[in-house]
$ cat entry_14.cif   # mmCIF, N, CA and C atoms
data_model
#
loop_
_atom_site.label_atom_id
_atom_site.label_comp_id
_atom_site.auth_asym_id
_atom_site.auth_seq_id
_atom_site.Cartn_x
_atom_site.Cartn_y
_atom_site.Cartn_z
N MET A 1 20.36 -2.00 -5.72
CA MET A 1 20.60 -0.76 -6.44
C MET A 1 21.83 -0.07 -5.87
N LYS A 2 22.70 0.39 -6.74
CA LYS A 2 23.94 1.03 -6.32
C LYS A 2 23.67 2.48 -5.91
N LYS A 3 24.24 2.86 -4.76
CA LYS A 3 24.08 4.23 -4.27
C LYS A 3 25.00 5.15 -5.05
N LYS A 4 24.48 6.34 -5.42
CA LYS A 4 25.31 7.33 -6.09
C LYS A 4 26.25 7.93 -5.07
N MET A 5 27.49 8.17 -5.47
CA MET A 5 28.46 8.78 -4.57
C MET A 5 28.09 10.23 -4.32
N ILE A 6 28.11 10.59 -3.06
CA ILE A 6 27.82 11.95 -2.66
C ILE A 6 28.62 12.22 -1.39
N ALA A 7 29.15 13.42 -1.28
CA ALA A 7 29.99 13.76 -0.14
C ALA A 7 29.17 13.72 1.15
N GLY A 8 29.82 13.28 2.23
CA GLY A 8 29.16 13.18 3.52
C GLY A 8 29.62 14.26 4.48
N GLY A 9 29.30 14.08 5.73
CA GLY A 9 29.66 15.04 6.76
C GLY A 9 30.89 14.60 7.53
N VAL A 10 31.17 15.28 8.63
CA VAL A 10 32.33 14.98 9.45
C VAL A 10 32.01 13.82 10.40
N VAL A 11 30.91 13.92 11.11
CA VAL A 11 30.52 12.92 12.10
C VAL A 11 29.40 12.04 11.57
N HIS A 12 28.43 12.66 10.93
CA HIS A 12 27.23 11.95 10.48
C HIS A 12 27.38 11.42 9.06
N LYS A 13 26.85 10.22 8.86
CA LYS A 13 26.76 9.66 7.50
C LYS A 13 25.46 10.17 6.90
N ILE A 14 25.48 10.39 5.61
CA ILE A 14 24.28 10.90 4.95
C ILE A 14 23.23 9.80 4.86
N PRO A 15 22.04 10.05 5.38
CA PRO A 15 20.99 9.02 5.33
C PRO A 15 20.44 8.85 3.90
N ASP A 16 19.90 7.68 3.65
CA ASP A 16 19.41 7.36 2.30
C ASP A 16 18.37 8.33 1.77
N ASP A 17 17.43 8.77 2.63
CA ASP A 17 16.39 9.67 2.14
C ASP A 17 16.95 11.02 1.72
N LEU A 18 17.93 11.53 2.45
CA LEU A 18 18.56 12.79 2.08
C LEU A 18 19.43 12.61 0.84
N ARG A 19 20.14 11.49 0.76
CA ARG A 19 20.98 11.19 -0.42
C ARG A 19 20.11 11.16 -1.67
N LYS A 20 18.99 10.47 -1.59
CA LYS A 20 18.09 10.34 -2.73
C LYS A 20 17.56 11.71 -3.16
N ALA A 21 17.18 12.53 -2.18
CA ALA A 21 16.66 13.87 -2.48
C ALA A 21 17.73 14.73 -3.14
N LEU A 22 18.95 14.67 -2.63
CA LEU A 22 20.03 15.48 -3.21
C LEU A 22 20.39 15.03 -4.62
N THR A 23 20.44 13.72 -4.83
CA THR A 23 20.81 13.23 -6.16
C THR A 23 19.73 13.53 -7.20
N SER A 24 18.51 13.77 -6.75
CA SER A 24 17.44 14.09 -7.71
C SER A 24 17.22 15.60 -7.86
N THR A 25 18.05 16.40 -7.18
CA THR A 25 17.93 17.85 -7.27
C THR A 25 19.31 18.43 -7.59
N PRO A 26 19.68 18.49 -8.87
CA PRO A 26 21.04 18.89 -9.26
C PRO A 26 21.52 20.23 -8.69
N ALA A 27 20.66 21.23 -8.62
CA ALA A 27 21.09 22.54 -8.11
C ALA A 27 21.47 22.46 -6.63
N ALA A 28 20.68 21.73 -5.85
CA ALA A 28 21.00 21.56 -4.43
C ALA A 28 22.26 20.72 -4.26
N ARG A 29 22.39 19.70 -5.09
CA ARG A 29 23.58 18.84 -5.00
C ARG A 29 24.86 19.61 -5.34
N ALA A 30 24.78 20.52 -6.28
CA ALA A 30 25.96 21.31 -6.65
C ALA A 30 26.45 22.12 -5.45
N VAL A 31 25.53 22.74 -4.73
CA VAL A 31 25.92 23.49 -3.53
C VAL A 31 26.44 22.52 -2.47
N TRP A 32 25.74 21.39 -2.29
CA TRP A 32 26.14 20.37 -1.32
C TRP A 32 27.59 19.95 -1.53
N GLU A 33 27.96 19.71 -2.77
CA GLU A 33 29.32 19.26 -3.08
C GLU A 33 30.34 20.38 -2.90
N ASP A 34 29.88 21.63 -2.90
CA ASP A 34 30.78 22.77 -2.78
C ASP A 34 31.01 23.21 -1.34
N ILE A 35 30.11 22.85 -0.41
CA ILE A 35 30.27 23.28 0.97
C ILE A 35 31.25 22.37 1.71
N THR A 36 31.69 22.81 2.86
CA THR A 36 32.67 22.05 3.64
C THR A 36 32.03 20.81 4.27
N PRO A 37 32.86 19.82 4.61
CA PRO A 37 32.32 18.65 5.31
C PRO A 37 31.62 19.03 6.62
N LEU A 38 32.11 20.04 7.32
CA LEU A 38 31.47 20.48 8.55
C LEU A 38 30.08 21.07 8.27
N ALA A 39 29.96 21.83 7.19
CA ALA A 39 28.65 22.38 6.82
C ALA A 39 27.69 21.25 6.43
N ARG A 40 28.18 20.25 5.68
CA ARG A 40 27.33 19.10 5.33
C ARG A 40 26.88 18.37 6.59
N ASN A 41 27.78 18.27 7.56
CA ASN A 41 27.45 17.64 8.83
C ASN A 41 26.29 18.37 9.52
N GLU A 42 26.32 19.70 9.47
CA GLU A 42 25.25 20.51 10.07
C GLU A 42 23.91 20.21 9.41
N TRP A 43 23.89 20.15 8.07
CA TRP A 43 22.65 19.85 7.35
C TRP A 43 22.14 18.46 7.71
N ILE A 44 23.03 17.48 7.73
CA ILE A 44 22.62 16.10 8.04
C ILE A 44 22.04 16.04 9.45
N CYS A 45 22.72 16.65 10.41
CA CYS A 45 22.25 16.62 11.79
C CYS A 45 20.90 17.34 11.91
N TRP A 46 20.75 18.46 11.23
CA TRP A 46 19.49 19.20 11.28
C TRP A 46 18.34 18.35 10.74
N VAL A 47 18.57 17.69 9.61
CA VAL A 47 17.53 16.85 9.01
C VAL A 47 17.20 15.67 9.92
N THR A 48 18.21 14.99 10.43
CA THR A 48 17.97 13.77 11.19
C THR A 48 17.55 14.03 12.64
N SER A 49 17.66 15.26 13.11
CA SER A 49 17.26 15.55 14.49
C SER A 49 15.74 15.67 14.63
N GLY A 50 15.04 15.73 13.52
CA GLY A 50 13.57 15.73 13.57
C GLY A 50 13.09 14.37 14.05
N LYS A 51 12.24 14.35 15.04
CA LYS A 51 11.81 13.08 15.64
C LYS A 51 10.75 12.35 14.81
N LYS A 52 9.86 13.09 14.19
CA LYS A 52 8.79 12.48 13.41
C LYS A 52 9.18 12.39 11.94
N ALA A 53 8.69 11.38 11.25
CA ALA A 53 8.95 11.23 9.82
C ALA A 53 8.46 12.45 9.05
N GLU A 54 7.33 13.00 9.47
CA GLU A 54 6.77 14.19 8.81
C GLU A 54 7.73 15.38 8.93
N THR A 55 8.29 15.57 10.12
CA THR A 55 9.24 16.67 10.35
C THR A 55 10.48 16.47 9.49
N ARG A 56 10.97 15.26 9.45
CA ARG A 56 12.16 14.95 8.66
C ARG A 56 11.92 15.24 7.18
N GLY A 57 10.77 14.84 6.68
CA GLY A 57 10.42 15.10 5.28
C GLY A 57 10.36 16.59 4.99
N ILE A 58 9.77 17.34 5.89
CA ILE A 58 9.70 18.80 5.73
C ILE A 58 11.11 19.39 5.73
N ARG A 59 11.96 18.90 6.62
CA ARG A 59 13.33 19.43 6.68
C ARG A 59 14.13 19.09 5.43
N ILE A 60 13.90 17.93 4.87
CA ILE A 60 14.60 17.59 3.62
C ILE A 60 14.16 18.54 2.52
N GLU A 61 12.86 18.79 2.41
CA GLU A 61 12.36 19.72 1.40
C GLU A 61 12.92 21.13 1.61
N LYS A 62 12.97 21.59 2.87
CA LYS A 62 13.53 22.91 3.17
C LYS A 62 15.02 22.95 2.85
N ALA A 63 15.72 21.88 3.17
CA ALA A 63 17.16 21.83 2.88
C ALA A 63 17.40 21.94 1.38
N LEU A 64 16.63 21.20 0.59
CA LEU A 64 16.78 21.27 -0.87
C LEU A 64 16.52 22.69 -1.37
N SER A 65 15.47 23.31 -0.86
CA SER A 65 15.13 24.67 -1.27
C SER A 65 16.23 25.66 -0.89
N LYS A 66 16.69 25.55 0.34
CA LYS A 66 17.71 26.50 0.81
C LYS A 66 19.05 26.27 0.13
N LEU A 67 19.43 25.02 -0.07
CA LEU A 67 20.67 24.72 -0.79
C LEU A 67 20.58 25.22 -2.23
N THR A 68 19.45 25.00 -2.87
CA THR A 68 19.26 25.48 -4.24
C THR A 68 19.40 27.00 -4.29
N GLY A 69 18.96 27.68 -3.24
CA GLY A 69 19.08 29.13 -3.15
C GLY A 69 20.47 29.61 -2.75
N GLY A 70 21.38 28.67 -2.48
CA GLY A 70 22.75 29.04 -2.17
C GLY A 70 23.10 29.07 -0.68
N MET A 71 22.15 28.74 0.19
CA MET A 71 22.44 28.73 1.62
C MET A 71 23.41 27.60 1.93
N ARG A 72 24.46 27.91 2.68
CA ARG A 72 25.51 26.94 2.93
C ARG A 72 25.40 26.22 4.27
N ARG A 73 24.59 26.75 5.19
CA ARG A 73 24.36 26.12 6.49
C ARG A 73 22.92 26.35 6.91
N PRO A 74 22.37 25.42 7.71
CA PRO A 74 21.01 25.64 8.19
C PRO A 74 20.98 26.87 9.11
N CYS A 75 19.96 27.67 8.97
CA CYS A 75 19.88 28.89 9.76
C CYS A 75 18.91 28.71 10.92
N CYS A 76 19.05 29.53 11.91
CA CYS A 76 18.13 29.54 13.05
C CYS A 76 18.10 28.21 13.77
N TRP A 77 19.25 27.59 13.91
CA TRP A 77 19.39 26.30 14.57
C TRP A 77 20.66 26.36 15.39
N ALA A 78 20.65 25.79 16.58
CA ALA A 78 21.80 25.87 17.49
C ALA A 78 23.06 25.20 16.94
N GLY A 79 22.88 24.29 16.03
CA GLY A 79 24.03 23.60 15.43
C GLY A 79 24.19 22.19 15.98
N CYS A 80 25.00 21.43 15.30
CA CYS A 80 25.23 20.03 15.66
C CYS A 80 26.04 19.96 16.96
N THR A 81 25.54 19.19 17.90
CA THR A 81 26.23 19.01 19.17
C THR A 81 27.21 17.84 19.11
N HIS A 82 27.27 17.17 17.98
CA HIS A 82 28.07 15.95 17.85
C HIS A 82 29.47 16.16 17.32
N ARG A 83 29.87 17.40 17.06
CA ARG A 83 31.20 17.58 16.48
C ARG A 83 32.24 17.80 17.52
#
$ encode --input "entry_14.cif" --output "structure tokens"
Amino acid sequence: MKKKMIAGGVVHKIPDDLRKALTSTPAARAVWEDITPLARNEWICWVTSGKKAETRGIRIEKALSKLTGGMRRPCCWAGCTHR
């Protein structure tokens, strides 16, 4: 199956589960495509920094909700240490 093109981050590549969630949520994807690569990097790092699959799933759902609401960066998080 061919992956849909979606903008990535600065350091982190977008993981398949987050890509799939964004491509199936047009409102969140619209914000995703409008934010900077550094902001996308922050979202990717926040989602993937969850150690458990359950935590990661919850973070993907929260990211979709917050992006749909217009939030451009994850809040209440120290930020990506990889940049």
$ closest_residue --input "entry_14.cif" --among "A:Ile6, A:Val11, A:Ala21, A:Cys75" --to "Glu61 in chain A" --atoms "all atoms listed in the file"
A:Ala21
$ closest_residue --input "entry_14.cif" --among "A:Arg19, A:Glu54, A:Glu42, A:Asp34" --to "Pro74 in chain A" --atoms "only C-alpha atoms"
A:Glu42
$ residues_around --input "entry_14.cif" --residues "Gly8 in chain A" --least-positions-apart "6" --cutoff "6.5 Å" --atoms "only N, CA and C atoms" --output "MDAnalysis selection string"
chainID A and resid 14 37 40:41
$ select_by_dssp --input "entry_14.cif" --residues "chain A" --states "alpha helix (DSSP H)" --output "JSON, numbers by chain"
{"A": [16, 17, 18, 19, 20, 21, 22, 23, 26, 27, 28, 29, 30, 31, 32, 33, 34, 37, 38, 39, 40, 41, 42, 43, 44, 45, 46, 47, 48, 53, 54, 55, 56, 57, 58, 59, 60, 61, 62, 63, 64, 65, 66, 67, 68]}
$ residues_around --input "entry_14.cif" --residues "range 46-52 of chain A" --least-positions-apart "6" --cutoff "7 Å" --atoms "all atoms listed in the file" --output "list in words"
Arg59, Ile60, Gly79 and Cys80 of chain A
$ resolve_selection --input "entry_14.cif" --expression "the PyMOL selection byres (((chain A and resi 35 and name CA) around 12) and name CA)" --output "list of chain:residue names"
A:Ala7, A:Gly8, A:Gly9, A:Ala28, A:Arg29, A:Ala30, A:Val31, A:Trp32, A:Glu33, A:Asp34, A:Thr36, A:Pro37, A:Leu38, A:Ala39, A:Arg40, A:Asn41, A:Glu42, A:Trp43, A:Leu67, A:Gly70, A:Met71, A:Arg72, A:Arg73, A:Pro74
$ atom_distance --input "entry_14.cif" --atom1 "atom N of Thr23 in chain A" --atom2 "atom N of Ala53 in chain A"
20.1 Å
$ atom_distance --input "entry_14.cif" --atom1 "atom C of His12 in chain A" --atom2 "atom N of His82 in chain A"
10.6 Å
$ closest_residue --input "entry_14.cif" --among "A:Lys13, A:Leu18, A:Met5, A:Cys76" --to "Ile58 in chain A" --atoms "only C-alpha atoms"
A:Leu18
$ atom_distance --input "entry_14.cif" --atom1 "CA of Pro26 in chain A" --atom2 "atom C of Ser65 in chain A"
11.8 Å
$ closest_residue --input "entry_14.cif" --among "A:Trp77, A:Arg56, A:Gly69, A:Leu64" --to "Leu22 in chain A" --atoms "all atoms listed in the file"
A:Leu64
